[in-house]
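Colleague: Pasting a structure below so you can have a look.
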Amino acid sequence: MGKSVQKVMTRGVQNLGLSQTVIETLFKKAEGLLSSTTFLAFGPKGQAISINDGNGKSLGTLPFMLPEKVWIIFDDHGAVG
């Protein structure tokens, strides 16, 4: 059985006013890249969102806009086993 993922969003990201579609797309993309990296940076790039691993390695783009950079971090904090 796979580990469950709890999604936590900071107040700062909540206050960006992103649509539910954009939020779900960011989380889905992050989960899809979990085998590559546990730290993702999503940043504005014109009419798109650039995705990198936090060290500048490009991992693709998404066809949405962001007002500022958003990070998604996976952590095993409190995990048992």
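By convention in this document, the chains of the structure tokens carry letters A, B, ... by their order, each chain's residues are numbered from 1, and ligands are numbered from 1 in the order they are shown.
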Would you give me, as a ChimeraX atom specification, the residues in chain A that DSSP reads as strand (DSSP E)?
Modeller: /A:39-45,48-52,58-62,70-73
Colleague: Output N, CA and C atoms for every residue in that selection, as a JSON list (two decimals), in the first residue's frame.
Modeller:
[["chain", "number", "residue", "atom", "x", "y", "z"],
["A", 39, "PHE", "N", 11.33, 18.34, -4.05],
["A", 39, "PHE", "CA", 11.22, 19.79, -3.97],
["A", 39, "PHE", "C", 10.99, 20.33, -5.37],
["A", 40, "LEU", "N", 9.89, 21.03, -5.57],
["A", 40, "LEU", "CA", 9.56, 21.59, -6.88],
["A", 40, "LEU", "C", 9.27, 23.08, -6.76],
["A", 41, "ALA", "N", 9.74, 23.83, -7.73],
["A", 41, "ALA", "CA", 9.46, 25.26, -7.81],
["A", 41, "ALA", "C", 8.65, 25.51, -9.07],
["A", 42, "PHE", "N", 7.51, 26.14, -8.90],
["A", 42, "PHE", "CA", 6.64, 26.53, -10.01],
["A", 42, "PHE", "C", 6.71, 28.04, -10.11],
["A", 43, "GLY", "N", 7.18, 28.56, -11.24],
["A", 43, "GLY", "CA", 7.36, 30.00, -11.36],
["A", 43, "GLY", "C", 6.71, 30.58, -12.59],
["A", 44, "PRO", "N", 6.35, 31.87, -12.51],
["A", 44, "PRO", "CA", 5.74, 32.52, -13.68],
["A", 44, "PRO", "C", 6.75, 32.64, -14.81],
["A", 45, "LYS", "N", 6.29, 32.34, -16.02],
["A", 45, "LYS", "CA", 7.13, 32.45, -17.21],
["A", 45, "LYS", "C", 6.22, 32.89, -18.36],
["A", 48, "ALA", "N", 2.85, 31.09, -19.09],
["A", 48, "ALA", "CA", 2.98, 29.70, -18.64],
["A", 48, "ALA", "C", 3.61, 29.65, -17.25],
["A", 49, "ILE", "N", 3.70, 28.45, -16.73],
["A", 49, "ILE", "CA", 4.36, 28.19, -15.46],
["A", 49, "ILE", "C", 5.56, 27.30, -15.75],
["A", 50, "SER", "N", 6.75, 27.74, -15.34],
["A", 50, "SER", "CA", 7.93, 26.89, -15.47],
["A", 50, "SER", "C", 8.05, 26.03, -14.23],
["A", 51, "ILE", "N", 8.52, 24.81, -14.42],
["A", 51, "ILE", "CA", 8.68, 23.86, -13.32],
["A", 51, "ILE", "C", 10.15, 23.49, -13.26],
["A", 52, "ASN", "N", 10.75, 23.60, -12.06],
["A", 52, "ASN", "CA", 12.12, 23.11, -11.91],
["A", 52, "ASN", "C", 12.27, 22.44, -10.55],
["A", 58, "SER", "N", 15.27, 22.25, -15.30],
["A", 58, "SER", "CA", 13.93, 22.39, -15.86],
["A", 58, "SER", "C", 13.24, 21.04, -15.93],
["A", 59, "LEU", "N", 11.98, 21.02, -15.49],
["A", 59, "LEU", "CA", 11.18, 19.80, -15.52],
["A", 59, "LEU", "C", 9.92, 19.98, -16.36],
["A", 60, "GLY", "N", 9.82, 21.10, -17.07],
["A", 60, "GLY", "CA", 8.67, 21.30, -17.95],
["A", 60, "GLY", "C", 7.94, 22.61, -17.69],
["A", 61, "THR", "N", 6.78, 22.72, -18.31],
["A", 61, "THR", "CA", 5.93, 23.90, -18.15],
["A", 61, "THR", "C", 4.48, 23.47, -18.07],
["A", 62, "LEU", "N", 3.65, 24.37, -17.60],
["A", 62, "LEU", "CA", 2.21, 24.17, -17.57],
["A", 62, "LEU", "C", 1.55, 25.39, -18.22],
["A", 70, "VAL", "N", 5.81, 29.50, -6.54],
["A", 70, "VAL", "CA", 5.18, 28.63, -5.55],
["A", 70, "VAL", "C", 6.03, 27.37, -5.45],
["A", 71, "TRP", "N", 6.26, 26.89, -4.23],
["A", 71, "TRP", "CA", 7.04, 25.67, -4.03],
["A", 71, "TRP", "C", 6.13, 24.58, -3.51],
["A", 72, "ILE", "N", 6.42, 23.36, -3.92],
["A", 72, "ILE", "CA", 5.76, 22.19, -3.35],
["A", 72, "ILE", "C", 6.87, 21.27, -2.85],
["A", 73, "ILE", "N", 6.77, 20.92, -1.58],
["A", 73, "ILE", "CA", 7.80, 20.11, -0.92],
["A", 73, "ILE", "C", 7.13, 18.87, -0.34]]
Colleague: Any chance you could list, as a list in words, the residues in segment 9-65 of chain A that come up helix (DSSP H, G or I) when DSSP is run on the backbone?
Modeller: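 Across segment 9-65 of chain A, those assigned helix (DSSP H, G or I) are Arg11, Gly12, Val13, Gln14, Gln20, Thr21, Val22, Ile23, Glu24, Thr25, Leu26, Phe27, Lys28, Lys29, Ala30, Glu31 and Gly32 of chain A.
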Colleague: Could you please take those selected residues and save N, CA, C and O atoms as a CSV table (one decimal), in the first residue's frame?
Modeller:
chain,number,residue,atom,x,y,z
A,11,ARG,N,-0.8,30.1,4.1
A,11,ARG,CA,-1.8,31.2,3.9
A,11,ARG,C,-1.3,32.1,2.8
A,11,ARG,O,-2.2,32.6,2.0
A,12,GLY,N,0.0,32.2,2.6
A,12,GLY,CA,0.5,33.0,1.5
A,12,GLY,C,0.0,32.5,0.1
A,12,GLY,O,-0.4,33.3,-0.8
A,13,VAL,N,0.1,31.2,-0.1
A,13,VAL,CA,-0.4,30.6,-1.3
A,13,VAL,C,-1.9,30.7,-1.4
A,13,VAL,O,-2.5,31.0,-2.5
A,14,GLN,N,-2.6,30.5,-0.3
A,14,GLN,CA,-4.1,30.7,-0.3
A,14,GLN,C,-4.5,32.1,-0.7
A,14,GLN,O,-5.4,32.2,-1.5
A,20,GLN,N,-9.1,26.7,-8.4
A,20,GLN,CA,-9.0,25.3,-7.9
A,20,GLN,C,-8.4,24.4,-9.0
A,20,GLN,O,-7.6,23.5,-8.7
A,21,THR,N,-8.6,24.8,-10.3
A,21,THR,CA,-8.0,24.0,-11.4
A,21,THR,C,-6.5,24.1,-11.3
A,21,THR,O,-5.8,23.2,-11.5
A,22,VAL,N,-6.0,25.3,-11.1
A,22,VAL,CA,-4.5,25.6,-11.1
A,22,VAL,C,-3.9,24.8,-9.9
A,22,VAL,O,-2.9,24.1,-10.0
A,23,ILE,N,-4.6,24.9,-8.7
A,23,ILE,CA,-4.1,24.3,-7.5
A,23,ILE,C,-4.0,22.8,-7.7
A,23,ILE,O,-3.0,22.1,-7.5
A,24,GLU,N,-5.1,22.2,-8.2
A,24,GLU,CA,-5.1,20.7,-8.5
A,24,GLU,C,-4.1,20.3,-9.5
A,24,GLU,O,-3.4,19.3,-9.4
A,25,THR,N,-3.9,21.1,-10.5
A,25,THR,CA,-2.9,20.8,-11.6
A,25,THR,C,-1.5,20.9,-11.0
A,25,THR,O,-0.6,20.0,-11.3
A,26,LEU,N,-1.2,21.8,-10.1
A,26,LEU,CA,0.2,21.9,-9.5
A,26,LEU,C,0.4,20.7,-8.6
A,26,LEU,O,1.5,20.1,-8.7
A,27,PHE,N,-0.6,20.3,-7.8
A,27,PHE,CA,-0.4,19.1,-6.9
A,27,PHE,C,-0.3,17.9,-7.8
A,27,PHE,O,0.6,17.0,-7.5
A,28,LYS,N,-1.1,17.7,-8.8
A,28,LYS,CA,-1.0,16.5,-9.6
A,28,LYS,C,0.3,16.4,-10.3
A,28,LYS,O,0.9,15.3,-10.4
A,29,LYS,N,0.8,17.5,-10.9
A,29,LYS,CA,2.2,17.5,-11.5
A,29,LYS,C,3.2,17.2,-10.5
A,29,LYS,O,4.1,16.4,-10.8
A,30,ALA,N,3.2,17.8,-9.3
A,30,ALA,CA,4.2,17.5,-8.3
A,30,ALA,C,4.2,16.0,-7.9
A,30,ALA,O,5.2,15.4,-7.8
A,31,GLU,N,3.0,15.4,-7.7
A,31,GLU,CA,2.9,14.0,-7.4
A,31,GLU,C,3.5,13.1,-8.5
A,31,GLU,O,4.1,12.1,-8.3
A,32,GLY,N,3.3,13.6,-9.7
A,32,GLY,CA,3.8,12.8,-10.9
A,32,GLY,C,5.3,12.9,-11.0
A,32,GLY,O,6.0,12.0,-11.5
Colleague: When you draw a straight line from atom CA of Phe74 of chain A to atom CA of Thr38 of chain A, how long is it in Å?
Modeller: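 Those two atoms sit 4.9 Å apart.
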